[in-house]
Amino acid sequence: MAAPLTVSFTAGLSGPWRIDSVRPVVGEVLPIAVALSVSEGATAAEPGVWSLRGTISNLRYTTVAERTALVARQEGLGRAPSTRAALIPIRKTQAWWDLAQDERREILEERSRHIAIGLRYLPAVARRLHHSRDLGEPFDFLTWFEFAPAEADAFEELVASLRATPEWAYVDREVDVRLSHD
Ligand code: HEM
């Protein structure tokens, strides 16, 4: 079986993405750095101010109908007009991880409408979810988003909507890193 794809996000002095801001949302923030590089696969650890790793994994909570809707609307990373990005590392509480699978799904979708809300922002926002918890990393998830400058207000609205949901009561560390390139 092929190993899952590992993605490393390394912040330092150089890299294709300029770091515009590093903002604490909940808990300890990450150090400020100038640029970020994203590397896929088993690459040697690059020296940097900080480096976070995650893997591309299977879906946990998405129903077949939701998956069909996502696939129909979403577009891939790397679109030329998407010169803005956000890296939002998130950790959830032990109380979240102590829940059963069906209880977590209930909070994520039936009570918080995470997928329904997110779908409204496709295809403007392209996204990729990386899982870090089982790698012993400081965050459970590394969420990555790309969009055009004209969609920046819509992206703010999206993150504000999600942060106001019951799901976010289980987030105990979140940092919001905003990026751009020319
Ligand atoms: C998980 C969709 C935006 C943070 C998920 C899942 C879906 C989804 C379908 C569940 C994956 C699974 O079944 O395992 C979307 C869509 C968005 C969006 C369509 C629109 C662009 C966001 C934003 C954030 C975020 C803006 C952060 C501020 C997360 C996290 C998870 C997740 C942390 C993992 C939750 C967990 O497994 O406990 N998203 N999302 N999402 N999303 Fe979003």
# chains A, B, ... in the order shown; residues from 1 in each chain; ligands from 1
>>> residues_around(residues="region 174-180 of chain A", least_positions_apart="3", cutoff="6 Å", atoms="only C-alpha atoms", output="VMD selection string")
chain A and resid 17 to 26 29 83 to 90
>>> closest_atom_pairs(of="chain A", to="ligand 1", cutoff="6 Å", atoms="only C-alpha atoms and all ligand atoms", output="CSV")
residue,atom,partner,partner_atom_place_in_ligand_line,distance
A:Leu59,CA,ligand 1,14 (O),3.6
A:Arg60,CA,ligand 1,14 (O),3.4
A:Tyr61,CA,ligand 1,13 (O),3.6
A:Thr62,CA,ligand 1,13 (O),3.9
A:Ile90,CA,ligand 1,33 (C),5.7
A:Ile115,CA,ligand 1,2 (C),4.7
A:Gly118,CA,ligand 1,20 (C),3.5
A:Leu119,CA,ligand 1,19 (C),4.4
A:Tyr121,CA,ligand 1,20 (C),5.4
A:Val125,CA,ligand 1,21 (C),5.2
A:Arg127,CA,ligand 1,21 (C),5.9
A:Phe141,CA,ligand 1,33 (C),5.5
A:Thr143,CA,ligand 1,4 (C),5.8
A:Leu158,CA,ligand 1,26 (C),5.9
A:Val159,CA,ligand 1,26 (C),4.7
>>> write_last_selection(atoms="C-alpha atoms", output="PDB file, in the first residue's frame")
ATOM      1  CA  LEU A  59     -12.732  11.518   4.591  1.00  0.00           C
ATOM      2  CA  ARG A  60     -14.134  10.881   8.080  1.00  0.00           C
ATOM      3  CA  TYR A  61     -17.538  12.519   8.227  1.00  0.00           C
ATOM      4  CA  THR A  62     -18.678  13.329   4.678  1.00  0.00           C
ATOM      5  CA  ILE A  90      -6.008  23.794  14.261  1.00  0.00           C
ATOM      6  CA  ILE A 115     -19.902  21.239   4.957  1.00  0.00           C
ATOM      7  CA  GLY A 118     -18.221  25.527   3.060  1.00  0.00           C
ATOM      8  CA  LEU A 119     -19.975  24.418  -0.120  1.00  0.00           C
ATOM      9  CA  TYR A 121     -17.696  29.163  -1.099  1.00  0.00           C
ATOM     10  CA  VAL A 125     -11.940  28.916  -2.494  1.00  0.00           C
ATOM     11  CA  ARG A 127      -8.854  23.799  -0.174  1.00  0.00           C
ATOM     12  CA  PHE A 141      -5.061  19.627  11.277  1.00  0.00           C
ATOM     13  CA  THR A 143      -6.010  23.552   6.682  1.00  0.00           C
ATOM     14  CA  LEU A 158     -16.464  31.956   5.685  1.00  0.00           C
ATOM     15  CA  VAL A 159     -13.946  31.751   8.528  1.00  0.00           C
TER      16      VAL A 159
END
>>> atom_distance(atom1="CA of Leu162 (chain A)", atom2="CA of Ile117 (chain A)")
7.8 Å
>>> residues_around(residues="Trp50 (chain A)", least_positions_apart="6", cutoff="8 Å", atoms="only C-alpha atoms", output="list of chain:residue names")
A:Thr10, A:Ala11, A:Gly12, A:Leu30, A:Pro31
>>> residues_around(residues="Thr43 (chain A)", least_positions_apart="2", cutoff="10 Å", atoms="only C-alpha atoms", output="list in words")
Thr6, Val7, Ser8, Ser39, Glu40, Gly41, Ala45 and Glu46 of chain A
>>> closest_residue(among="A:Arg163, A:Arg173, A:His181, A:Arg120", to="Lys92 (chain A)", atoms="only C-alpha atoms")
A:Arg173
>>> residues_around(residues="Ala124 (chain A)", least_positions_apart="2", cutoff="10 Å", atoms="only C-alpha atoms", output="PDB file with C-alpha atoms, in the first residue's frame")
ATOM      1  CA  ARG A  73     -18.055  22.211  -7.254  1.00  0.00           C
ATOM      2  CA  GLN A  74     -14.482  22.162  -6.010  1.00  0.00           C
ATOM      3  CA  GLU A  75     -11.429  23.133  -8.034  1.00  0.00           C
ATOM      4  CA  SER A  82      -5.357  32.377  -6.692  1.00  0.00           C
ATOM      5  CA  LEU A 119     -19.975  24.418  -0.120  1.00  0.00           C
ATOM      6  CA  ARG A 120     -21.289  27.960  -0.639  1.00  0.00           C
ATOM      7  CA  TYR A 121     -17.696  29.163  -1.099  1.00  0.00           C
ATOM      8  CA  LEU A 122     -16.787  26.683  -3.819  1.00  0.00           C
ATOM      9  CA  ALA A 126      -9.765  25.869  -3.225  1.00  0.00           C
ATOM     10  CA  ARG A 127      -8.854  23.799  -0.174  1.00  0.00           C
ATOM     11  CA  GLU A 146      -6.249  29.444  -2.021  1.00  0.00           C
ATOM     12  CA  PHE A 147      -8.355  32.194  -3.574  1.00  0.00           C
ATOM     13  CA  ALA A 148      -8.187  35.293  -5.774  1.00  0.00           C
ATOM     14  CA  ALA A 150     -11.431  39.548  -5.177  1.00  0.00           C
ATOM     15  CA  GLU A 151     -12.611  36.662  -2.959  1.00  0.00           C
ATOM     16  CA  ALA A 152     -10.800  37.891   0.176  1.00  0.00           C
ATOM     17  CA  ALA A 154     -15.891  36.129   1.072  1.00  0.00           C
ATOM     18  CA  PHE A 155     -13.108  34.124   2.717  1.00  0.00           C
TER      19      PHE A 155
END
>>> closest_residue(among="A:Pro138, A:Ala2, A:Val38, A:Glu167", to="Glu103 (chain A)", atoms="only C-alpha atoms")
A:Glu167
>>> select_by_dssp(residues="region 14-108 of chain A", states="alpha helix (DSSP H)", output="MDAnalysis selection string")
chainID A and resid 64:73 94:97 101:105
>>> atom_distance(atom1="CA of Val49 (chain A)", atom2="CA of Ala33 (chain A)")
6.6 Å
>>> atom_distance(atom1="CA of Phe139 (chain A)", atom2="CA of Leu52 (chain A)")
8.3 Å
>>> residues_around(residues="Arg111 (chain A)", least_positions_apart="4", cutoff="8 Å", atoms="only C-alpha atoms", output="list in words")
Glu106, Ile107, Thr165, Pro166 and Glu167 of chain A
>>> residues_around(residues="His130 (chain A)", least_positions_apart="5", cutoff="6 Å", atoms="only C-alpha atoms", output="MDAnalysis selection string")
chainID A and resid 54:56 141:142
>>> write_last_selection(atoms="all heavy atoms", output="PDB file, in the first residue's frame")
ATOM      1  N   GLY A  54       1.714  17.383   7.684  1.00  0.00           N
ATOM      2  CA  GLY A  54       0.435  16.682   7.745  1.00  0.00           C
ATOM      3  C   GLY A  54       0.318  15.731   6.572  1.00  0.00           C
ATOM      4  O   GLY A  54       1.090  15.827   5.612  1.00  0.00           O
ATOM      5  N   THR A  55      -0.623  14.812   6.681  1.00  0.00           N
ATOM      6  CA  THR A  55      -0.822  13.886   5.571  1.00  0.00           C
ATOM      7  C   THR A  55      -2.211  14.069   4.972  1.00  0.00           C
ATOM      8  O   THR A  55      -3.148  14.496   5.649  1.00  0.00           O
ATOM      9  CB  THR A  55      -0.686  12.411   6.027  1.00  0.00           C
ATOM     10  OG1 THR A  55      -1.584  12.207   7.111  1.00  0.00           O
ATOM     11  CG2 THR A  55       0.717  12.088   6.474  1.00  0.00           C
ATOM     12  N   ILE A  56      -2.307  13.726   3.695  1.00  0.00           N
ATOM     13  CA  ILE A  56      -3.603  13.726   3.018  1.00  0.00           C
ATOM     14  C   ILE A  56      -4.256  12.388   3.378  1.00  0.00           C
ATOM     15  O   ILE A  56      -3.672  11.332   3.149  1.00  0.00           O
ATOM     16  CB  ILE A  56      -3.434  13.796   1.484  1.00  0.00           C
ATOM     17  CG1 ILE A  56      -2.476  14.922   1.083  1.00  0.00           C
ATOM     18  CG2 ILE A  56      -4.793  13.922   0.806  1.00  0.00           C
ATOM     19  CD1 ILE A  56      -2.905  16.288   1.453  1.00  0.00           C
ATOM     20  N   PHE A 141      -4.759  19.409  12.705  1.00  0.00           N
ATOM     21  CA  PHE A 141      -5.061  19.627  11.277  1.00  0.00           C
ATOM     22  C   PHE A 141      -4.291  20.823  10.767  1.00  0.00           C
ATOM     23  O   PHE A 141      -4.112  21.808  11.488  1.00  0.00           O
ATOM     24  CB  PHE A 141      -6.561  19.948  11.079  1.00  0.00           C
ATOM     25  CG  PHE A 141      -7.475  18.968  11.732  1.00  0.00           C
ATOM     26  CD1 PHE A 141      -8.055  19.255  12.967  1.00  0.00           C
ATOM     27  CD2 PHE A 141      -7.770  17.748  11.127  1.00  0.00           C
ATOM     28  CE1 PHE A 141      -8.901  18.350  13.590  1.00  0.00           C
ATOM     29  CE2 PHE A 141      -8.614  16.841  11.748  1.00  0.00           C
ATOM     30  CZ  PHE A 141      -9.185  17.142  12.980  1.00  0.00           C
ATOM     31  N   LEU A 142      -3.878  20.761   9.510  1.00  0.00           N
ATOM     32  CA  LEU A 142      -3.341  21.928   8.812  1.00  0.00           C
ATOM     33  C   LEU A 142      -4.306  22.180   7.664  1.00  0.00           C
ATOM     34  O   LEU A 142      -4.410  21.362   6.748  1.00  0.00           O
ATOM     35  CB  LEU A 142      -1.935  21.631   8.272  1.00  0.00           C
ATOM     36  CG  LEU A 142      -0.917  21.125   9.304  1.00  0.00           C
ATOM     37  CD1 LEU A 142       0.409  20.773   8.624  1.00  0.00           C
ATOM     38  CD2 LEU A 142      -0.693  22.160  10.402  1.00  0.00           C
TER      39      LEU A 142
END
>>> closest_residue(among="A:Val171, A:Leu108, A:Ala164, A:Leu129", to="Phe145 (chain A)", atoms="only C-alpha atoms")
A:Leu129
>>> closest_residue(among="A:Gly76, A:Ser37, A:Ala169, A:Thr63", to="Ser112 (chain A)", atoms="only C-alpha atoms")
A:Ala169
>>> closest_residue(among="A:Arg79, A:Arg91, A:Tyr170, A:Trp96", to="Pro123 (chain A)", atoms="only C-alpha atoms")
A:Arg79
>>> select_by_dssp(residues="region 20-121 of chain A", states="strand (DSSP E or B)", output="list in words")
Asp20, Ser21, Val22, Arg23, Pro24, Val25, Val26, Ala35, Leu36, Ser37, Val38, Ser39, Glu40, Trp50, Ser51, Leu52, Arg53, Gly54, Thr55, Arg84, Ala85, Ala86, Leu87, Ile88, Pro89, Ile90, Arg91 and Lys92 of chain A
